[in-house]
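These notes concern the structure reproduced below.
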Amino acid sequence: MDLFPLYNSLRVSTIGVTAAFVTGVLAAFVVARQPKALKGLCDTVLTIPMVLPPTVVGYFILVSLSPKSAIGAKLLEWFSLTITMRWYASVVAVAIIAFPFVYRTVRGAFESFDRNLLDAGRTLGLSEWYIFFRVLLPNCKPVIIAGAALAFARGIGEYGATSMVSGYIVGKTATVSTAVAYYWQINQDDMAMYWVIINLVVSFVFMMTINAFTQQRARG
Amino acid sequence: MLTCDIKKKLSGFYLDVNLTAKPGVTALMGASGSGKSMTLRCIAGISKPDSGRIELNGVTLFDSEKKINLPPQARNTGFMFQDSALFPNMTVRQNIMAGAKKKPRQERMAVAVALAETFHISRHLDKYPHELSGGEKQRCALARIMAGSPDILMLDEPFAALDSHLRWELELELAAAFQRFQKPVLYVSHNRDEVYRLCGDIAIIDHGKNEASRGKWELFENPATVQAARLTGCKNIAAAEVRGTRVFVSDWGIDFERGETGGGARHVGIRANNIIPSSAAEATDDVAASFPFEIVNEIEDTFTCILMVRKRGTELPPIRWEMRKKDREALRDMPQELSFLRKRVLLLS
């Protein structure tokens, strides 16, 4: 049995969610410090991928990264790199779709964070880097983990945008969710079921791990 | 030596502070929302004044004209927050070590142990802040500040979040720390007793504007302003009108000859424990005014009795007369009249 779709799903969601995590935390940090009006605008723009249909996100990716687009053409010219219909297009899709989940949860935590702790750090002469990595992030850990878990759960099940930007190419871009749709469409119900079960097992294990981890945090 | 002359627009009022603090403890005393915390924040650099100048030991921390605004990290001020602001993810040891960030690791470890000893939290070194009592948290916060050897110590109502039985212990600890510190300490509070015990000089701040700091004895003896009188605990304050050499206090229904001072007085005050029966006043030869009175209300306090009294036969607002319970016992036969001694009447601008 070819397990490539599972491998590809894990690869795509891990890289995509990691990218969403880093950019989401940074965006949350930057936006949380903005004045109210600007914050509202940033917030709307950055949260849009969450409310748009994934196919619309996929469409935007295709339009902006296909070899015919400005960026896509440059990538092809400079790095001989084509993004669309490759597995890395799925990474881009997952990153964009998962981003708002990290961004929103973490921004909430940053905004409600006790400012006195940050100010205390500053008067103690601690650098902004130290305060960010050693004070702010560790004390927001439960929320950050929750945001990452949400993002990962959303990312690993991503279908709409992924299928648009990467299609279903066996052994190249197939993921668990696109495999389910593919086998169902060609009437191989037993194969579809097989991938459905794999999907369930992966989700179950993932959620169990997250719960065990967060409960341990709560006890500690 | 700190000099601070700053202005800042805040919601509701304008902060306009002109303050100097020499080595020793200077209190900034004012009601809540008077701008005292904001003043400390501006000095520490965690809030920015609109204009002005802040200088500490000859170093300019802030100067709006020269466009100098040192970041808080470069100011070397020690700032103690009401709620201690310990990092919850670090142990007491790590918190204190964070305060000594500039020193090498080995030295920081030694500093943490030594300071924990000084502030009597040695047995809590490896505990997290949530495992400490309020007083222990504040002692840890103080140790963390001291680890950085600041040039000035600023405390923003350090007892505010503490239960009263924990306050005394911390107050003794603070008094000892101030003694050792030998540099300027700015102490923000609205509690006159705390301020009186801990501080040498007191600056009154009201609606963002401060009075020059004065020695505490002088301030309590002659508060000179309504705000200072109120904050130093004077319960009876009334508007006064000076006509020629006489002062008329219509709210109390009395008038008296003013002394050589108090020309510009627009208010008068009398402390609740400075009202005496006329019989006791006669001997002193210093009576400003005496008046027949009636008791409106009597309240028994912990160690004193409070009598709300007013001029007999009037509907004037009552004034507060307070005495020890023992003295109340002795007063079974109520005197006919009450007196204010001239030297006890506070003339306030």
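Chain labels A, B, ... are given in the sequence in which chains occur in the structure tokens; within each chain residues are numbered consecutively from 1, and ligands are likewise numbered from 1 in the order shown.
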- [ ] Starting from chain A, keep only residues with some atom at most 6 Å from an atom of chain B, counting only C-alpha atoms, and report them as a VMD selection string.
- [x] chain A and resid 117 122 to 125
Open item on the list: List as a list in words the protein and nucleic acid residues near Pro142 in chain A, meaning an atom at most 8 Å away when only C-alpha atoms are counted, but skip any in the same chain fewer than 3 places from it.
Closed with: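 Surrounding residues, per the criterion: Asn139, Ile145, Ala146, Thr214 and Arg217 of chain A.
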Take the residues from that selection and put them in a file with N, CA and C atoms, as a PDB file, in the first residue's frame.
```pdb
ATOM      1  N   ASN A 139       5.194  32.849  29.079  1.00  0.00           N
ATOM      2  CA  ASN A 139       3.986  33.047  29.876  1.00  0.00           C
ATOM      3  C   ASN A 139       2.711  32.979  29.044  1.00  0.00           C
ATOM      4  N   ILE A 145       0.279  27.270  22.324  1.00  0.00           N
ATOM      5  CA  ILE A 145       0.116  25.860  21.956  1.00  0.00           C
ATOM      6  C   ILE A 145      -1.292  25.611  21.421  1.00  0.00           C
ATOM      7  N   ALA A 146      -2.269  26.195  22.072  1.00  0.00           N
ATOM      8  CA  ALA A 146      -3.650  26.023  21.603  1.00  0.00           C
ATOM      9  C   ALA A 146      -3.804  26.561  20.183  1.00  0.00           C
ATOM     10  N   THR A 214      -1.343  19.773  27.222  1.00  0.00           N
ATOM     11  CA  THR A 214      -1.901  20.958  27.873  1.00  0.00           C
ATOM     12  C   THR A 214      -2.309  20.651  29.309  1.00  0.00           C
ATOM     13  N   ARG A 217       0.694  20.801  31.392  1.00  0.00           N
ATOM     14  CA  ARG A 217       1.036  22.201  31.613  1.00  0.00           C
ATOM     15  C   ARG A 217       0.193  22.784  32.744  1.00  0.00           C
TER      16      ARG A 217
END
```
Task: Test item, helix (DSSP H, G or I) assignment across range 61-207 of chain A, answer as a PyMOL selection string - done: chain A and resi 61-65+70-79+87-111+115-123+128-139+141-156+160-166+176-185+189-207
Task: Near-Ala179 in chain A list (12 Å; only C-alpha atoms; drop same-chain fewer than 4 positions) as a ChimeraX atom specification - done: /A:2-6,8-9,157-159,162-163,167-175,183-186,188-196,198-199
For Ala238 in chain B, find every residue with an atom within 8 Å (counting only C-alpha atoms), except residues of its own chain fewer than 5 positions away, and show them as a PDB file with C-alpha atoms, in the first residue's frame.
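Result file result-v4.pdb:
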```pdb
ATOM      1  CA  VAL B 249     -15.741  80.560  58.945  1.00  0.00           C
ATOM      2  CA  ASP B 251     -19.585  76.655  57.940  1.00  0.00           C
ATOM      3  CA  TRP B 252     -18.573  76.444  61.565  1.00  0.00           C
ATOM      4  CA  HIS B 267      -9.654  77.870  54.044  1.00  0.00           C
ATOM      5  CA  VAL B 268      -9.099  76.820  57.600  1.00  0.00           C
ATOM      6  CA  GLY B 269      -8.614  73.385  59.047  1.00  0.00           C
TER       7      GLY B 269
END
```
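Across the structure, CA of Ala28 in chain A and CA of Tyr103 in chain A are spaced 5.4 Å apart.
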- [ ] Could you find all residues in range 100-259 of chain B that DSSP calls strand (DSSP E or B) from the backbone, and write them as a VMD selection string?
- [x] chain B and resid 152 to 156 184 to 189 201 to 206 209 to 210 214 to 215 236 to 239 241 to 243 246 to 249 254 to 257
TODO: Just the residues within 12 Å of Ala212 in chain B, please, counting only C-alpha atoms, with nothing from its chain fewer than 2 positions along; format it as a PyMOL selection string.
DONE: chain B and resi 3-5+17-21+26-29+201-206+209-210+214-215+219+223-225+228
Open item on the list: So that I can see what lies close to Asn222 in chain B, please list as a PyMOL selection string the residues with an atom at most 12 Å from it, counting only C-alpha atoms and leaving out residues fewer than 4 positions away in the same chain.
Closed with: chain B and resi 214-218+226-230+232+234+261-262+268-271+343-349
- [ ] Tell me which protein, DNA and RNA residues are within 12 Å of Gly52 in chain B, counting only C-alpha atoms, leaving out same-chain ones fewer than 4 positions away, and put them as a PyMOL selection string.
- [x] chain B and resi 3-8+15-19+42-43+48+60-69
Open item on the list: Can you measure CA of Phe99 in chain A to CA of Gly147 in chain A for me? One decimal in Å is fine.
Closed with: 9.6 Å
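Across the model, the gap from CA of Gly33 in chain B to CA of His207 in chain B is 7.4 Å.
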